[in-house]
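Peer 1: So here's upload-v2.pdb (PDB, N, CA and C atoms).
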ATOM      1  N   MET A  20      23.702   6.484  59.867
ATOM      2  CA  MET A  20      23.824   5.323  59.006
ATOM      3  C   MET A  20      22.429   4.904  58.567
ATOM      4  N   GLN A  21      22.282   4.605  57.298
ATOM      5  CA  GLN A  21      21.031   4.141  56.715
ATOM      6  C   GLN A  21      21.219   2.703  56.234
ATOM      7  N   VAL A  22      20.139   1.940  56.266
ATOM      8  CA  VAL A  22      20.179   0.558  55.797
ATOM      9  C   VAL A  22      18.952   0.314  54.929
ATOM     10  N   GLN A  23      19.198  -0.273  53.776
ATOM     11  CA  GLN A  23      18.087  -0.763  52.970
ATOM     12  C   GLN A  23      18.101  -2.283  53.099
ATOM     13  N   ASN A  24      16.993  -2.848  53.500
ATOM     14  CA  ASN A  24      16.864  -4.285  53.673
ATOM     15  C   ASN A  24      16.006  -4.832  52.533
ATOM     16  N   ILE A  25      16.512  -5.856  51.857
ATOM     17  CA  ILE A  25      15.722  -6.543  50.833
ATOM     18  C   ILE A  25      15.491  -7.962  51.341
ATOM     19  N   SER A  26      14.224  -8.310  51.515
ATOM     20  CA  SER A  26      13.856  -9.649  51.964
ATOM     21  C   SER A  26      13.378 -10.449  50.754
ATOM     22  N   PHE A  27      13.757 -11.729  50.721
ATOM     23  CA  PHE A  27      13.458 -12.597  49.585
ATOM     24  C   PHE A  27      12.843 -13.905  50.071
ATOM     25  N   GLN A  28      11.815 -14.366  49.390
ATOM     26  CA  GLN A  28      11.336 -15.738  49.550
ATOM     27  C   GLN A  28      11.545 -16.414  48.198
ATOM     28  N   ILE A  29      12.159 -17.620  48.245
ATOM     29  CA  ILE A  29      12.614 -18.287  47.048
ATOM     30  C   ILE A  29      11.882 -19.615  46.857
ATOM     31  N   ASN A  30      11.556 -19.920  45.627
ATOM     32  CA  ASN A  30      11.030 -21.237  45.315
ATOM     33  C   ASN A  30      12.113 -22.254  45.665
ATOM     34  N   PRO A  31      11.799 -23.248  46.497
ATOM     35  CA  PRO A  31      12.816 -24.218  46.906
ATOM     36  C   PRO A  31      13.495 -24.935  45.742
ATOM     37  N   GLU A  32      12.812 -25.066  44.614
ATOM     38  CA  GLU A  32      13.379 -25.764  43.461
ATOM     39  C   GLU A  32      14.563 -25.018  42.837
ATOM     40  N   VAL A  33      14.641 -23.702  43.048
ATOM     41  CA  VAL A  33      15.727 -22.919  42.442
ATOM     42  C   VAL A  33      16.637 -22.290  43.494
ATOM     43  N   GLU A  34      16.450 -22.654  44.748
ATOM     44  CA  GLU A  34      17.169 -21.996  45.838
ATOM     45  C   GLU A  34      18.684 -22.014  45.654
ATOM     46  N   LEU A  35      19.273 -23.164  45.403
ATOM     47  CA  LEU A  35      20.730 -23.248  45.299
ATOM     48  C   LEU A  35      21.271 -22.407  44.145
ATOM     49  N   GLN A  36      20.596 -22.435  42.993
ATOM     50  CA  GLN A  36      21.021 -21.621  41.854
ATOM     51  C   GLN A  36      20.878 -20.128  42.163
ATOM     52  N   TRP A  37      19.782 -19.772  42.832
ATOM     53  CA  TRP A  37      19.543 -18.372  43.174
ATOM     54  C   TRP A  37      20.615 -17.856  44.141
ATOM     55  N   VAL A  38      20.963 -18.652  45.162
ATOM     56  CA  VAL A  38      21.991 -18.235  46.125
ATOM     57  C   VAL A  38      23.313 -17.992  45.402
ATOM     58  N   GLU A  39      23.697 -18.879  44.505
ATOM     59  CA  GLU A  39      24.936 -18.686  43.744
ATOM     60  C   GLU A  39      24.866 -17.432  42.886
ATOM     61  N   TRP A  40      23.713 -17.194  42.251
ATOM     62  CA  TRP A  40      23.523 -15.992  41.441
ATOM     63  C   TRP A  40      23.632 -14.738  42.301
ATOM     64  N   MET A  41      23.037 -14.786  43.487
ATOM     65  CA  MET A  41      23.130 -13.638  44.394
ATOM     66  C   MET A  41      24.586 -13.340  44.743
ATOM     67  N   LYS A  42      25.338 -14.379  45.115
ATOM     68  CA  LYS A  42      26.729 -14.196  45.537
ATOM     69  C   LYS A  42      27.644 -13.791  44.392
ATOM     70  N   ASN A  43      27.410 -14.343  43.209
ATOM     71  CA  ASN A  43      28.333 -14.135  42.092
ATOM     72  C   ASN A  43      27.930 -13.036  41.124
ATOM     73  N   LYS A  44      26.659 -12.623  41.131
ATOM     74  CA  LYS A  44      26.228 -11.592  40.196
ATOM     75  C   LYS A  44      25.568 -10.394  40.886
ATOM     76  N   PHE A  45      24.479 -10.641  41.616
ATOM     77  CA  PHE A  45      23.678  -9.530  42.135
ATOM     78  C   PHE A  45      24.426  -8.706  43.180
ATOM     79  N   ILE A  46      24.997  -9.352  44.171
ATOM     80  CA  ILE A  46      25.717  -8.606  45.212
ATOM     81  C   ILE A  46      26.930  -7.876  44.636
ATOM     82  N   PRO A  47      27.726  -8.499  43.745
ATOM     83  CA  PRO A  47      28.804  -7.723  43.108
ATOM     84  C   PRO A  47      28.297  -6.509  42.324
ATOM     85  N   LEU A  48      27.135  -6.638  41.677
ATOM     86  CA  LEU A  48      26.559  -5.478  40.985
ATOM     87  C   LEU A  48      26.209  -4.371  41.976
ATOM     88  N   LEU A  49      25.639  -4.736  43.113
ATOM     89  CA  LEU A  49      25.328  -3.750  44.154
ATOM     90  C   LEU A  49      26.597  -3.059  44.642
ATOM     91  N   LYS A  50      27.629  -3.845  44.893
ATOM     92  CA  LYS A  50      28.892  -3.275  45.367
ATOM     93  C   LYS A  50      29.510  -2.339  44.332
ATOM     94  N   SER A  51      29.333  -2.653  43.063
ATOM     95  CA  SER A  51      29.940  -1.834  42.006
ATOM     96  C   SER A  51      29.328  -0.438  41.905
ATOM     97  N   THR A  52      28.178  -0.209  42.548
ATOM     98  CA  THR A  52      27.577   1.129  42.542
ATOM     99  C   THR A  52      28.348   2.099  43.432
ATOM    100  N   ASN A  53      29.178   1.565  44.330
ATOM    101  CA  ASN A  53      29.924   2.373  45.301
ATOM    102  C   ASN A  53      29.023   3.183  46.228
ATOM    103  N   CYS A  54      27.814   2.702  46.428
ATOM    104  CA  CYS A  54      26.877   3.381  47.326
ATOM    105  C   CYS A  54      26.836   2.758  48.712
ATOM    106  N   PHE A  55      27.418   1.564  48.883
ATOM    107  CA  PHE A  55      27.254   0.822  50.122
ATOM    108  C   PHE A  55      28.575   0.531  50.808
ATOM    109  N   LEU A  56      28.554   0.623  52.125
ATOM    110  CA  LEU A  56      29.727   0.308  52.935
ATOM    111  C   LEU A  56      29.838  -1.192  53.190
ATOM    112  N   ASP A  57      28.678  -1.861  53.294
ATOM    113  CA  ASP A  57      28.666  -3.290  53.573
ATOM    114  C   ASP A  57      27.371  -3.864  53.017
ATOM    115  N   THR A  58      27.401  -5.153  52.650
ATOM    116  CA  THR A  58      26.230  -5.810  52.059
ATOM    117  C   THR A  58      26.059  -7.226  52.624
ATOM    118  N   PRO A  59      25.831  -7.368  53.923
ATOM    119  CA  PRO A  59      25.681  -8.719  54.478
ATOM    120  C   PRO A  59      24.423  -9.417  53.952
ATOM    121  N   PHE A  60      24.572 -10.710  53.727
ATOM    122  CA  PHE A  60      23.533 -11.566  53.142
ATOM    123  C   PHE A  60      23.246 -12.683  54.144
ATOM    124  N   TYR A  61      21.984 -12.828  54.533
ATOM    125  CA  TYR A  61      21.610 -13.779  55.582
ATOM    126  C   TYR A  61      20.532 -14.739  55.094
ATOM    127  N   GLN A  62      20.555 -15.952  55.643
ATOM    128  CA  GLN A  62      19.441 -16.870  55.490
ATOM    129  C   GLN A  62      18.683 -16.868  56.807
ATOM    130  N   LEU A  63      17.382 -16.666  56.750
ATOM    131  CA  LEU A  63      16.570 -16.680  57.957
ATOM    132  C   LEU A  63      16.291 -18.112  58.378
ATOM    133  N   GLN A  64      16.282 -18.333  59.670
ATOM    134  CA  GLN A  64      15.944 -19.635  60.236
ATOM    135  C   GLN A  64      14.431 -19.671  60.419
ATOM    136  N   ILE A  65      13.765 -20.449  59.587
ATOM    137  CA  ILE A  65      12.301 -20.497  59.577
ATOM    138  C   ILE A  65      11.832 -21.937  59.716
ATOM    139  N   SER A  66      10.530 -22.107  59.859
ATOM    140  CA  SER A  66       9.991 -23.465  59.964
ATOM    141  C   SER A  66      10.066 -24.162  58.601
ATOM    142  N   GLU A  67      10.079 -25.476  58.633
ATOM    143  CA  GLU A  67      10.250 -26.278  57.426
ATOM    144  C   GLU A  67       9.128 -26.104  56.410
ATOM    145  N   ASP A  68       7.949 -25.657  56.843
ATOM    146  CA  ASP A  68       6.827 -25.515  55.923
ATOM    147  C   ASP A  68       6.809 -24.166  55.197
ATOM    148  N   GLN A  69       7.792 -23.328  55.467
ATOM    149  CA  GLN A  69       7.876 -22.028  54.806
ATOM    150  C   GLN A  69       8.906 -22.068  53.676
ATOM    151  N   ALA A  70       8.726 -21.189  52.707
ATOM    152  CA  ALA A  70       9.684 -21.083  51.602
ATOM    153  C   ALA A  70      11.010 -20.559  52.143
ATOM    154  N   PRO A  71      12.128 -20.966  51.532
ATOM    155  CA  PRO A  71      13.424 -20.432  51.955
ATOM    156  C   PRO A  71      13.395 -18.904  51.915
ATOM    157  N   THR A  72      13.905 -18.295  52.962
ATOM    158  CA  THR A  72      13.838 -16.837  53.112
ATOM    159  C   THR A  72      15.220 -16.293  53.428
ATOM    160  N   TYR A  73      15.563 -15.222  52.731
ATOM    161  CA  TYR A  73      16.869 -14.575  52.870
ATOM    162  C   TYR A  73      16.669 -13.079  53.032
ATOM    163  N   THR A  74      17.696 -12.427  53.541
ATOM    164  CA  THR A  74      17.683 -10.976  53.624
ATOM    165  C   THR A  74      19.054 -10.445  53.238
ATOM    166  N   LEU A  75      19.046  -9.327  52.545
ATOM    167  CA  LEU A  75      20.263  -8.640  52.140
ATOM    168  C   LEU A  75      20.186  -7.232  52.702
ATOM    169  N   GLN A  76      21.171  -6.850  53.500
ATOM    170  CA  GLN A  76      21.167  -5.515  54.098
ATOM    171  C   GLN A  76      22.241  -4.667  53.433
ATOM    172  N   LEU A  77      21.826  -3.491  52.988
ATOM    173  CA  LEU A  77      22.699  -2.574  52.262
ATOM    174  C   LEU A  77      22.966  -1.359  53.148
ATOM    175  N   PHE A  78      24.160  -1.284  53.729
ATOM    176  CA  PHE A  78      24.519  -0.211  54.648
ATOM    177  C   PHE A  78      25.116   0.961  53.889
ATOM    178  N   THR A  79      24.584   2.160  54.131
ATOM    179  CA  THR A  79      25.107   3.380  53.531
ATOM    180  C   THR A  79      25.524   4.342  54.630
ATOM    181  N   GLN A  80      26.374   5.282  54.254
ATOM    182  CA  GLN A  80      26.838   6.258  55.241
ATOM    183  C   GLN A  80      25.825   7.369  55.479
ATOM    184  N   SER A  81      24.889   7.569  54.541
ATOM    185  CA  SER A  81      23.950   8.684  54.694
ATOM    186  C   SER A  81      22.682   8.442  53.881
ATOM    187  N   ALA A  82      21.662   9.220  54.210
ATOM    188  CA  ALA A  82      20.419   9.187  53.437
ATOM    189  C   ALA A  82      20.671   9.647  52.004
ATOM    190  N   ASP A  83      21.628  10.558  51.815
ATOM    191  CA  ASP A  83      21.963  11.023  50.467
ATOM    192  C   ASP A  83      22.505   9.892  49.598
ATOM    193  N   LYS A  84      23.364   9.031  50.167
ATOM    194  CA  LYS A  84      23.903   7.898  49.417
ATOM    195  C   LYS A  84      22.789   6.921  49.045
ATOM    196  N   LEU A  85      21.868   6.690  49.965
ATOM    197  CA  LEU A  85      20.752   5.803  49.680
ATOM    198  C   LEU A  85      19.864   6.403  48.591
ATOM    199  N   ALA A  86      19.641   7.695  48.650
ATOM    200  CA  ALA A  86      18.858   8.377  47.619
ATOM    201  C   ALA A  86      19.564   8.289  46.262
ATOM    202  N   GLN A  87      20.883   8.425  46.264
ATOM    203  CA  GLN A  87      21.656   8.297  45.026
ATOM    204  C   GLN A  87      21.474   6.902  44.427
ATOM    205  N   TYR A  88      21.568   5.875  45.272
ATOM    206  CA  TYR A  88      21.365   4.505  44.804
ATOM    207  C   TYR A  88      19.957   4.352  44.222
ATOM    208  N   ASP A  89      18.952   4.821  44.962
ATOM    209  CA  ASP A  89      17.568   4.692  44.500
ATOM    210  C   ASP A  89      17.366   5.393  43.158
ATOM    211  N   LEU A  90      17.948   6.550  42.992
ATOM    212  CA  LEU A  90      17.781   7.341  41.770
ATOM    213  C   LEU A  90      18.554   6.756  40.590
ATOM    214  N   GLU A  91      19.789   6.341  40.813
ATOM    215  CA  GLU A  91      20.677   5.967  39.716
ATOM    216  C   GLU A  91      20.757   4.467  39.423
ATOM    217  N   HIS A  92      20.474   3.615  40.403
ATOM    218  CA  HIS A  92      20.781   2.197  40.226
ATOM    219  C   HIS A  92      19.647   1.221  40.546
ATOM    220  N   SER A  93      18.796   1.561  41.477
ATOM    221  CA  SER A  93      17.825   0.599  42.009
ATOM    222  C   SER A  93      16.928  -0.013  40.932
ATOM    223  N   ALA A  94      16.357   0.794  40.067
ATOM    224  CA  ALA A  94      15.419   0.276  39.061
ATOM    225  C   ALA A  94      16.084  -0.758  38.157
ATOM    226  N   LEU A  95      17.300  -0.473  37.724
ATOM    227  CA  LEU A  95      18.020  -1.400  36.839
ATOM    228  C   LEU A  95      18.329  -2.717  37.547
ATOM    229  N   LEU A  96      18.773  -2.635  38.807
ATOM    230  CA  LEU A  96      19.109  -3.852  39.542
ATOM    231  C   LEU A  96      17.867  -4.669  39.887
ATOM    232  N   MET A  97      16.774  -4.017  40.223
ATOM    233  CA  MET A  97      15.547  -4.754  40.518
ATOM    234  C   MET A  97      14.987  -5.388  39.242
ATOM    235  N   GLU A  98      15.171  -4.734  38.099
ATOM    236  CA  GLU A  98      14.776  -5.332  36.818
ATOM    237  C   GLU A  98      15.620  -6.566  36.516
ATOM    238  N   GLU A  99      16.913  -6.519  36.834
ATOM    239  CA  GLU A  99      17.800  -7.673  36.665
ATOM    240  C   GLU A  99      17.300  -8.850  37.516
ATOM    241  N   LEU A 100      16.916  -8.578  38.747
ATOM    242  CA  LEU A 100      16.376  -9.609  39.627
ATOM    243  C   LEU A 100      15.096 -10.198  39.038
ATOM    244  N   GLN A 101      14.196  -9.339  38.614
ATOM    245  CA  GLN A 101      12.910  -9.789  38.069
ATOM    246  C   GLN A 101      13.090 -10.570  36.775
ATOM    247  N   SER A 102      13.922 -10.084  35.881
ATOM    248  CA  SER A 102      14.088 -10.778  34.602
ATOM    249  C   SER A 102      14.814 -12.110  34.765
ATOM    250  N   SER A 103      15.667 -12.211  35.772
ATOM    251  CA  SER A 103      16.406 -13.453  36.005
ATOM    252  C   SER A 103      15.579 -14.509  36.724
ATOM    253  N   TRP A 104      14.687 -14.092  37.633
ATOM    254  CA  TRP A 104      14.010 -15.063  38.492
ATOM    255  C   TRP A 104      12.489 -15.001  38.447
ATOM    256  N   GLY A 105      11.907 -13.931  37.925
ATOM    257  CA  GLY A 105      10.456 -13.843  37.794
ATOM    258  C   GLY A 105       9.725 -14.194  39.072
ATOM    259  N   ASN A 106       8.711 -15.062  38.938
ATOM    260  CA  ASN A 106       7.901 -15.412  40.107
ATOM    261  C   ASN A 106       8.542 -16.495  40.974
ATOM    262  N   GLN A 107       9.787 -16.870  40.690
ATOM    263  CA  GLN A 107      10.521 -17.811  41.539
ATOM    264  C   GLN A 107      11.076 -17.122  42.788
ATOM    265  N   CYS A 108      11.075 -15.782  42.751
ATOM    266  CA  CYS A 108      11.668 -14.989  43.832
ATOM    267  C   CYS A 108      10.747 -13.822  44.158
ATOM    268  N   PHE A 109      10.125 -13.875  45.322
ATOM    269  CA  PHE A 109       9.326 -12.763  45.818
ATOM    270  C   PHE A 109      10.234 -11.908  46.706
ATOM    271  N   HIS A 110      10.182 -10.587  46.536
ATOM    272  CA  HIS A 110      11.017  -9.733  47.386
ATOM    273  C   HIS A 110      10.264  -8.462  47.775
ATOM    274  N   PHE A 111      10.695  -7.862  48.873
ATOM    275  CA  PHE A 111      10.215  -6.534  49.251
ATOM    276  C   PHE A 111      11.360  -5.778  49.913
ATOM    277  N   ILE A 112      11.268  -4.457  49.832
ATOM    278  CA  ILE A 112      12.350  -3.578  50.287
ATOM    279  C   ILE A 112      11.855  -2.709  51.435
ATOM    280  N   THR A 113      12.709  -2.573  52.459
ATOM    281  CA  THR A 113      12.423  -1.723  53.613
ATOM    282  C   THR A 113      13.640  -0.846  53.872
ATOM    283  N   ASN A 114      13.416   0.446  54.064
ATOM    284  CA  ASN A 114      14.491   1.352  54.457
ATOM    285  C   ASN A 114      14.468   1.513  55.971
ATOM    286  N   MET A 115      15.666   1.493  56.567
ATOM    287  CA  MET A 115      15.785   1.581  58.017
ATOM    288  C   MET A 115      16.886   2.580  58.374
ATOM    289  N   GLN A 116      16.818   3.080  59.571
ATOM    290  CA  GLN A 116      17.869   3.951  60.104
ATOM    291  C   GLN A 116      18.362   3.360  61.422
ATOM    292  N   ILE A 117      19.671   3.240  61.568
ATOM    293  CA  ILE A 117      20.244   2.720  62.796
ATOM    294  C   ILE A 117      20.083   3.781  63.896
ATOM    295  N   VAL A 118      19.588   3.365  65.056
ATOM    296  CA  VAL A 118      19.314   4.314  66.130
ATOM    297  C   VAL A 118      20.246   4.168  67.316
ATOM    298  N   ASN A 119      21.125   3.196  67.338
ATOM    299  CA  ASN A 119      22.061   3.083  68.472
ATOM    300  C   ASN A 119      23.479   2.918  67.984
TER     301      ASN A 119
END
Reformat the file's structure so that it appears as structure tokens.
Peer 2:
Amino acid sequence: MQVQNISFQINPEVELQWVEWMKNKFIPLLKSTNCFLDTPFYQLQISEDQAPTYTLQLFTQSADKLAQYDLEHSALLMEELQSSWGNQCFHFITNMQIVN
């Protein structure tokens, strides 16, 4: 099993709108690629002086499925994120492999 983790820090002024956009647009777009088995979305519990932080984990059945997503869909979806939120949303992506 492979997991791609996308971590986000959000400008607090747009947090509520961004969360709704994630739930109603971005995550459904990810699911529509048929590359992922599950797409859990979490809010991190952080100190009050930090920007709101979220993580989205994209579970795939194999490295091949993750490679397919990266090749066919990732650039378009990341462009959608950037064009919709610009510098209001900082994100980074990490690929992981489940070991247990």
Peer 1: Report as an mmCIF file with N, CA and C atoms, keeping the file's coordinate frame the full result of the PyMOL selection byres (((chain A and resi 84 and name CA) around 12) and name CA) when it is applied to this structure.
Peer 2:
data_model
loop_
_atom_site.group_PDB
_atom_site.id
_atom_site.type_symbol
_atom_site.label_atom_id
_atom_site.label_comp_id
_atom_site.auth_asym_id
_atom_site.auth_seq_id
_atom_site.Cartn_x
_atom_site.Cartn_y
_atom_site.Cartn_z
ATOM 1 N N MET A 20 23.702 6.484 59.867
ATOM 2 C CA MET A 20 23.824 5.323 59.006
ATOM 3 C C MET A 20 22.429 4.904 58.567
ATOM 4 N N GLN A 21 22.282 4.605 57.298
ATOM 5 C CA GLN A 21 21.031 4.141 56.715
ATOM 6 C C GLN A 21 21.219 2.703 56.234
ATOM 7 N N VAL A 22 20.139 1.940 56.266
ATOM 8 C CA VAL A 22 20.179 0.558 55.797
ATOM 9 C C VAL A 22 18.952 0.314 54.929
ATOM 10 N N GLN A 23 19.198 -0.273 53.776
ATOM 11 C CA GLN A 23 18.087 -0.763 52.970
ATOM 12 C C GLN A 23 18.101 -2.283 53.099
ATOM 13 N N THR A 52 28.178 -0.209 42.548
ATOM 14 C CA THR A 52 27.577 1.129 42.542
ATOM 15 C C THR A 52 28.348 2.099 43.432
ATOM 16 N N ASN A 53 29.178 1.565 44.330
ATOM 17 C CA ASN A 53 29.924 2.373 45.301
ATOM 18 C C ASN A 53 29.023 3.183 46.228
ATOM 19 N N CYS A 54 27.814 2.702 46.428
ATOM 20 C CA CYS A 54 26.877 3.381 47.326
ATOM 21 C C CYS A 54 26.836 2.758 48.712
ATOM 22 N N PHE A 55 27.418 1.564 48.883
ATOM 23 C CA PHE A 55 27.254 0.822 50.122
ATOM 24 C C PHE A 55 28.575 0.531 50.808
ATOM 25 N N LEU A 56 28.554 0.623 52.125
ATOM 26 C CA LEU A 56 29.727 0.308 52.935
ATOM 27 C C LEU A 56 29.838 -1.192 53.190
ATOM 28 N N LEU A 77 21.826 -3.491 52.988
ATOM 29 C CA LEU A 77 22.699 -2.574 52.262
ATOM 30 C C LEU A 77 22.966 -1.359 53.148
ATOM 31 N N PHE A 78 24.160 -1.284 53.729
ATOM 32 C CA PHE A 78 24.519 -0.211 54.648
ATOM 33 C C PHE A 78 25.116 0.961 53.889
ATOM 34 N N THR A 79 24.584 2.160 54.131
ATOM 35 C CA THR A 79 25.107 3.380 53.531
ATOM 36 C C THR A 79 25.524 4.342 54.630
ATOM 37 N N GLN A 80 26.374 5.282 54.254
ATOM 38 C CA GLN A 80 26.838 6.258 55.241
ATOM 39 C C GLN A 80 25.825 7.369 55.479
ATOM 40 N N SER A 81 24.889 7.569 54.541
ATOM 41 C CA SER A 81 23.950 8.684 54.694
ATOM 42 C C SER A 81 22.682 8.442 53.881
ATOM 43 N N ALA A 82 21.662 9.220 54.210
ATOM 44 C CA ALA A 82 20.419 9.187 53.437
ATOM 45 C C ALA A 82 20.671 9.647 52.004
ATOM 46 N N ASP A 83 21.628 10.558 51.815
ATOM 47 C CA ASP A 83 21.963 11.023 50.467
ATOM 48 C C ASP A 83 22.505 9.892 49.598
ATOM 49 N N LEU A 85 21.868 6.690 49.965
ATOM 50 C CA LEU A 85 20.752 5.803 49.680
ATOM 51 C C LEU A 85 19.864 6.403 48.591
ATOM 52 N N ALA A 86 19.641 7.695 48.650
ATOM 53 C CA ALA A 86 18.858 8.377 47.619
ATOM 54 C C ALA A 86 19.564 8.289 46.262
ATOM 55 N N GLN A 87 20.883 8.425 46.264
ATOM 56 C CA GLN A 87 21.656 8.297 45.026
ATOM 57 C C GLN A 87 21.474 6.902 44.427
ATOM 58 N N TYR A 88 21.568 5.875 45.272
ATOM 59 C CA TYR A 88 21.365 4.505 44.804
ATOM 60 C C TYR A 88 19.957 4.352 44.222
ATOM 61 N N ASP A 89 18.952 4.821 44.962
ATOM 62 C CA ASP A 89 17.568 4.692 44.500
ATOM 63 C C ASP A 89 17.366 5.393 43.158
ATOM 64 N N LEU A 90 17.948 6.550 42.992
ATOM 65 C CA LEU A 90 17.781 7.341 41.770
ATOM 66 C C LEU A 90 18.554 6.756 40.590
ATOM 67 N N GLU A 91 19.789 6.341 40.813
ATOM 68 C CA GLU A 91 20.677 5.967 39.716
ATOM 69 C C GLU A 91 20.757 4.467 39.423
ATOM 70 N N HIS A 92 20.474 3.615 40.403
ATOM 71 C CA HIS A 92 20.781 2.197 40.226
ATOM 72 C C HIS A 92 19.647 1.221 40.546
#
Peer 1: Check which residues of stretch 27-74 of chain A sit at most 7 Å from stretch 107-113 of chain A using only N, CA and C atoms, and return one row each with the closest pair of atoms and their distance in Å to one decimal, ordered by chain and rising number, as a Markdown table.
Peer 2:
| residue | atom | partner | partner_atom | distance |
| --- | --- | --- | --- | --- |
| A:Phe27 | CA | A:His110 | CA | 4.4 |
| A:Gln28 | N | A:Phe109 | C | 4.0 |
| A:Ile29 | CA | A:Gln107 | C | 4.7 |
| A:Asn30 | N | A:Gln107 | C | 4.0 |
Peer 1: So how many Å separate atom N of A:Pro71 and atom CA of A:Met41, to one decimal?
Peer 2: 15.0 Å
Peer 1: What gap, in Å, lies between atom CA of A:Gln69 and atom N of A:Ser93?
Peer 2: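 We find that atom CA of A:Gln69 and atom N of A:Ser93 lie 29.2 Å from each other.
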Peer 1: Would you mind reading off the distance between atom CA of A:Asn24 and atom CA of A:Trp37, one decimal, in Å?
Peer 2: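 Here the two named atoms are 17.8 Å from each other.
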Peer 1: Extract the full set of strand (DSSP E) residues from stretch 56-100 of chain A according to DSSP on the backbone, and format it as a ChimeraX atom specification.
Peer 2: /A:60-62,72-79
